[in-house]
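Chemist: Structure below; questions to follow.
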Amino acid sequence: MQIFGGGEELLQRSDVPQWNLIPDTYTLSGFSMTPSGGSIDDTKTELKQDSEMIISSKVAHLWGNNAIGSGVKLPQSLYLTKGIYTLSFICKHFDPNNNGAYPIGLYDDSATESKLLGQCGVRKTFEKTSITFAVSESKNYGSLRIGTTSGWPYPAGSIYLGDFKLEHGNLATLWAPALKDFAYQSDLDALRTEIDQLKQNK
C-alpha cells in the first residue's frame, strides 16, 4: 500500500508501523538466553558507537563455542492465532574474518524435535532483517527461540540483536511498542485523564 499526496508518494505500507505483538521489546523484559552462551546487555554500554542504530535499551548478545540449541528465547505466554506473521529485528555479527551472512533461524521448541519456522542471515553491519512464518494452530507459543541454523559456533566477536517486533502479515514495518507496554499505557492513561477533565470543564 502506498499513500500519495499532490501526485507524490508520501508513505509506503512499511513506513506505517503496526503494533508489536511482543510486549517489553524496548527493555527485553521476559526475553531469556538458553544455555551455551548468551546474555542480555545494555545497548549503549555494549555497542558504544553502534548503539545509535538500535532503539531498544537492551540488546540480545549471542556467543559461545557450542551454538547448537542456544539462542535468545522470546517471552513466554505468546498467544498467536492462525495466520501469517513476521518477526523483525536489527542485527549484526562482529566477526572480523567473516564478510558473509551468518545463518540464524526462528525455532519452535515446544515439540520434541525443534521446528524451524524460518531463517535469515546476519551480516557484518547493522541491518534490519525479518523472518516470515505461518501459524497453523491458534495457541500459546511459549517456546520460540532465535538461534543458529548451522550448528557452528557463533562468530568470533558475537551476534547482537535488538528492536524485536512481531506483527501480523508478511511485511516488516517500523519498530513500535506493544499495546501492553507500560510507557504506552501510562501515556494512554494520561490522555484519558485529560479527556475526562475536558469533559468536566464543559
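Going by the C-alpha cells order, chains are called A, B, ..., each with residues numbered from 1, while ligands are numbered from 1 in the order shown.
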Report as a PyMOL selection string: the residues of range 79-172 of chain A with a DSSP assignment of strand (DSSP E or B), based on the backbone of this structure.

Modeler: chain A and resi 79-80+83-93+102-108+115-122+127-135+139-140+144-148+159-168

Chemist: Can you list, as JSON, numbers by chain, every protein, DNA or RNA residue that comes within 8 Å of Ser57 in chain A when you count only C-alpha atoms, leaving out same-chain residues fewer than 4 positions away?

Modeler: {"A": [26, 27, 42, 43, 44]}

Chemist: Set out as a tab-separated table a contact list for range 13-83 of chain A and range 95-116 of chain A with a cut-off of 12 Å, giving each residue of range 13-83 of chain A that qualifies its closest atom pair and distance in Å to one decimal, counting only C-alpha atoms, ordered by chain and rising residue number.

Modeler:
residue	atom	partner	partner_atom	distance
A:Thr34	CA	A:Asp109	CA	11.3
A:Leu62	CA	A:Ile104	CA	10.8
A:Trp63	CA	A:Asp95	CA	11.2
A:Ala67	CA	A:Ile104	CA	10.5
A:Ile68	CA	A:Ile104	CA	11.1
A:Gly69	CA	A:Ser114	CA	8.9
A:Ser70	CA	A:Tyr107	CA	10.7
A:Gly71	CA	A:Ile104	CA	9.3
A:Val72	CA	A:Leu106	CA	9.7
A:Lys73	CA	A:Tyr107	CA	9.3
A:Leu74	CA	A:Leu106	CA	9.9
A:Gln76	CA	A:Ser110	CA	11.1
A:Ser77	CA	A:Ser110	CA	11.9
A:Leu78	CA	A:Asp108	CA	11.8

Chemist: Generate a file of the selected residues that holds all heavy atoms, formatted as a CSV table (one decimal), in the first residue's frame.

Modeler:
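Saved the output as selection_7.csv:
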chain,number,residue,atom,x,y,z
A,34,THR,N,19.2,-19.1,26.3
A,34,THR,CA,19.3,-20.6,26.5
A,34,THR,C,20.8,-20.9,26.9
A,34,THR,O,21.6,-20.0,26.7
A,34,THR,CB,18.9,-21.4,25.3
A,34,THR,OG1,19.7,-21.0,24.2
A,34,THR,CG2,17.5,-21.1,24.9
A,62,LEU,N,24.4,-13.0,21.5
A,62,LEU,CA,24.6,-14.4,21.3
A,62,LEU,C,26.1,-14.7,21.2
A,62,LEU,O,26.8,-14.0,20.4
A,62,LEU,CB,23.9,-14.9,20.0
A,62,LEU,CG,22.4,-14.6,19.9
A,62,LEU,CD1,21.9,-15.2,18.6
A,62,LEU,CD2,21.7,-15.3,21.1
A,63,TRP,N,26.6,-15.6,22.0
A,63,TRP,CA,28.0,-16.0,21.9
A,63,TRP,C,28.2,-17.4,22.4
A,63,TRP,O,27.2,-18.0,23.0
A,63,TRP,CB,28.9,-15.1,22.7
A,63,TRP,CG,28.4,-14.8,24.1
A,63,TRP,CD1,27.6,-13.7,24.5
A,63,TRP,CD2,28.6,-15.6,25.3
A,63,TRP,NE1,27.4,-13.8,25.8
A,63,TRP,CE2,28.0,-14.9,26.4
A,63,TRP,CE3,29.3,-16.8,25.5
A,63,TRP,CZ2,28.0,-15.4,27.7
A,63,TRP,CZ3,29.4,-17.3,26.8
A,63,TRP,CH2,28.7,-16.6,27.9
A,67,ALA,N,27.0,-23.6,19.7
A,67,ALA,CA,25.8,-22.8,19.4
A,67,ALA,C,24.6,-23.7,19.2
A,67,ALA,O,23.5,-23.2,19.1
A,67,ALA,CB,26.0,-22.0,18.2
A,68,ILE,N,24.7,-25.0,19.2
A,68,ILE,CA,23.6,-25.9,19.0
A,68,ILE,C,22.6,-25.8,20.1
A,68,ILE,O,23.0,-26.0,21.3
A,68,ILE,CB,24.0,-27.4,18.8
A,68,ILE,CG1,25.0,-27.5,17.6
A,68,ILE,CG2,22.8,-28.3,18.6
A,68,ILE,CD1,25.5,-28.9,17.4
A,69,GLY,N,21.4,-25.4,19.8
A,69,GLY,CA,20.3,-25.3,20.9
A,69,GLY,C,20.4,-24.1,21.7
A,69,GLY,O,19.5,-23.9,22.5
A,70,SER,N,21.3,-23.2,21.4
A,70,SER,CA,21.4,-22.0,22.2
A,70,SER,C,20.7,-20.8,21.4
A,70,SER,O,20.3,-21.0,20.3
A,70,SER,CB,22.8,-21.6,22.5
A,70,SER,OG,23.5,-21.3,21.3
A,71,GLY,N,20.6,-19.7,22.0
A,71,GLY,CA,20.0,-18.6,21.4
A,71,GLY,C,19.2,-17.7,22.4
A,71,GLY,O,19.3,-17.9,23.6
A,72,VAL,N,18.4,-16.8,21.8
A,72,VAL,CA,17.5,-16.0,22.7
A,72,VAL,C,16.1,-16.4,22.6
A,72,VAL,O,15.6,-16.7,21.5
A,72,VAL,CB,17.7,-14.5,22.3
A,72,VAL,CG1,17.4,-14.3,20.8
A,72,VAL,CG2,16.8,-13.6,23.1
A,73,LYS,N,15.5,-16.6,23.7
A,73,LYS,CA,14.1,-17.0,23.8
A,73,LYS,C,13.2,-15.8,23.9
A,73,LYS,O,13.4,-14.9,24.7
A,73,LYS,CB,13.8,-18.0,25.0
A,73,LYS,CG,14.3,-19.4,24.8
A,73,LYS,CD,13.7,-20.3,25.9
A,73,LYS,CE,14.0,-21.7,25.6
A,73,LYS,NZ,13.3,-22.6,26.6
A,74,LEU,N,12.1,-15.8,23.0
A,74,LEU,CA,11.1,-14.8,23.1
A,74,LEU,C,10.3,-15.0,24.4
A,74,LEU,O,10.3,-16.1,25.0
A,74,LEU,CB,10.2,-14.8,21.9
A,74,LEU,CG,10.7,-14.0,20.7
A,74,LEU,CD1,12.1,-14.6,20.2
A,74,LEU,CD2,9.7,-14.1,19.5
A,76,GLN,N,7.6,-15.9,27.3
A,76,GLN,CA,6.7,-17.0,27.4
A,76,GLN,C,5.2,-16.4,27.2
A,76,GLN,O,5.0,-15.2,27.2
A,76,GLN,CB,6.8,-17.6,28.8
A,76,GLN,CG,8.2,-18.2,29.0
A,76,GLN,CD,8.4,-19.4,28.2
A,76,GLN,OE1,7.6,-20.3,28.0
A,76,GLN,NE2,9.6,-19.5,27.7
A,77,SER,N,4.3,-17.3,27.1
A,77,SER,CA,2.9,-16.9,27.0
A,77,SER,C,2.6,-16.0,25.9
A,77,SER,O,1.9,-15.0,26.0
A,77,SER,CB,2.4,-16.3,28.3
A,77,SER,OG,2.6,-17.2,29.4
A,78,LEU,N,3.1,-16.3,24.7
A,78,LEU,CA,2.9,-15.5,23.5
A,78,LEU,C,1.8,-16.2,22.7
A,78,LEU,O,2.0,-17.2,22.0
A,78,LEU,CB,4.2,-15.4,22.7
A,78,LEU,CG,4.2,-14.4,21.6
A,78,LEU,CD1,4.0,-13.0,22.1
A,78,LEU,CD2,5.5,-14.5,20.8

Chemist: Tell me, which residues of range 14-198 of chain A carry DSSP alpha helix (DSSP H), written as a ChimeraX atom specification?

Modeler: /A:43-47,182-198

Chemist: Report the distance between CA of Gly38 in chain A and CA of Lys180 in chain A in Å, rounded to one decimal place.

Modeler: 26.6 Å

Chemist: Could you name the residues that touch Ala134 in chain A at 7 Å or less, counting only C-alpha atoms, but leaving out those on the same chain fewer than 6 positions away, as a ChimeraX atom specification?

Modeler: /A:83-85

Chemist: Can I get the selection written as a compact mmCIF listing (two decimals), in the first residue's frame, with C-alpha atoms?

Modeler:
# COMPACT_ATOMS: atom_id res chain seq x y z
CA GLY A 83 -2.25 -16.86 10.17
CA ILE A 84 0.93 -15.31 8.74
CA TYR A 85 3.39 -13.42 10.96
